[in-house]
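Heads up: the structure comes next, in C-alpha cells.
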Amino acid sequence: MGKAIGLILLALVICIAAIVRLRPLAADTHHINLRELVRADDFSAGVSGHYETLSLAVNAGDIAKNIADVVEGTPRTTRLSGSLVEGGNPLVSHATYVTRSALWGFPDVTTIEVETTNMGAYVRIYGRLIYGKSDMGVNKARIEDWIDQLYALPMKDSFGNPIKRPS
C-alpha cells in the first residue's frame, strides 16, 4: 500500500513538472505594453515581480542592443515575443523574454522596453512570475544582475563621458 501511494505521488510530481516545463506561454498574454501599464498604475495586483526604470544619456538603439545581448546571454532565457533590435517602431523597442528555473523549469516572464527620449534612452523592465504568489526575490535579483552587466559594458554619453551606474 505504501509503495502504491509513493508511486502515485511520484507520478503526480512528474506530471506537474511536465506541465510547468512544457505548457506553452501565450505571447499575446505576456507581451504587454509597459507604458500603458504604468499609466494605469496596475502591476497585476497580487502578482510577485519587480519593475525597474533607467534613464540613460545614450543612443536608444545602442542601449537596446546592449540589453538584448545581456538578456539573451542569460542561461535558460529565450525570447517570447518582440525584439529590442529588429524592426518595429524606431522610437520604442519592446521585447518579452522567458527565463526558466534550473530545477523545475518554472517560467518567469520579463518585458523590456527601450524608448527614445530627448535625453537619450528610457528603459522599463518588468519581471514577473507565472505560477505561484511569490518569486522569493528571483526576478529582482535577475533584473539587478542584468542592470549591473549593462553598466559594466563600455558605454559613453553623447559627450564621450563613460556611463556609470548611479550609486
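Chain labels follow the order of the C-alpha cells: the first chain is A, the next B, and so on; residue numbering restarts at 1 in every chain, and ligands are counted from 1 in their shown order.
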Contacts of region 122-156 of chain A with region 110-114 of chain A up to 6 Å, shortest pair per row, only C-alpha atoms, as a tab-separated table:
residue	atom	partner	partner_atom	distance
A:Tyr122	CA	A:Val114	CA	5.8
A:Val123	CA	A:Val114	CA	4.5
A:Arg124	CA	A:Glu113	CA	5.1
A:Ile125	CA	A:Ile112	CA	4.5
A:Tyr126	CA	A:Thr111	CA	5.3
A:Gly127	CA	A:Thr110	CA	4.0
Can you write out the residues you just picked, keeping C-alpha atoms, as a short mmCIF file (atom, residue, chain, number, x, y, z; two decimals), in the first residue's frame?
data_model
loop_
_atom_site.label_atom_id
_atom_site.label_comp_id
_atom_site.auth_asym_id
_atom_site.auth_seq_id
_atom_site.Cartn_x
_atom_site.Cartn_y
_atom_site.Cartn_z
CA TYR A 122 14.40 55.46 -21.16
CA VAL A 123 14.29 51.78 -20.23
CA ARG A 124 11.45 49.94 -18.49
CA ILE A 125 11.95 46.39 -17.21
CA TYR A 126 9.18 44.35 -15.61
CA GLY A 127 9.81 40.77 -14.49
#
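Distance check against Arg128 (chain A) using only C-alpha atoms: of A:Thr99, A:Ser55, A:Thr77, A:Ser93, the minimum falls on A:Thr99.
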12 Å contact set for Phe106 (chain A), only C-alpha atoms, chain neighbours under 4 positions out, as a PyMOL selection string: chain A and resi 16-25+76-77+98-102+128-132+135+138
Can you pull out every residue from chain A that DSSP, working from the backbone, puts in strand (DSSP E), and format the result as a PyMOL selection string? chain A and resi 49-56+77-83+92-100+107-117+120-129
Which of these residues is nearest to Ala57 (chain A), using only C-alpha atoms: A:Ala26, A:Ala121, A:Ile14, A:Leu9? A:Ala121
Distance query Ala68 (chain A) at most 9 Å, only C-alpha atoms, self and fewer than 5 positions along chain excluded, as a list in words: Ile63, Gly73, Ser83, Leu84, Val85 and Ala95 of chain A
Picked from region 8-152 of chain A by DSSP as alpha helix (DSSP H), as a PyMOL selection string: chain A and resi 8-22+27-30+34-40+60-72+138-152
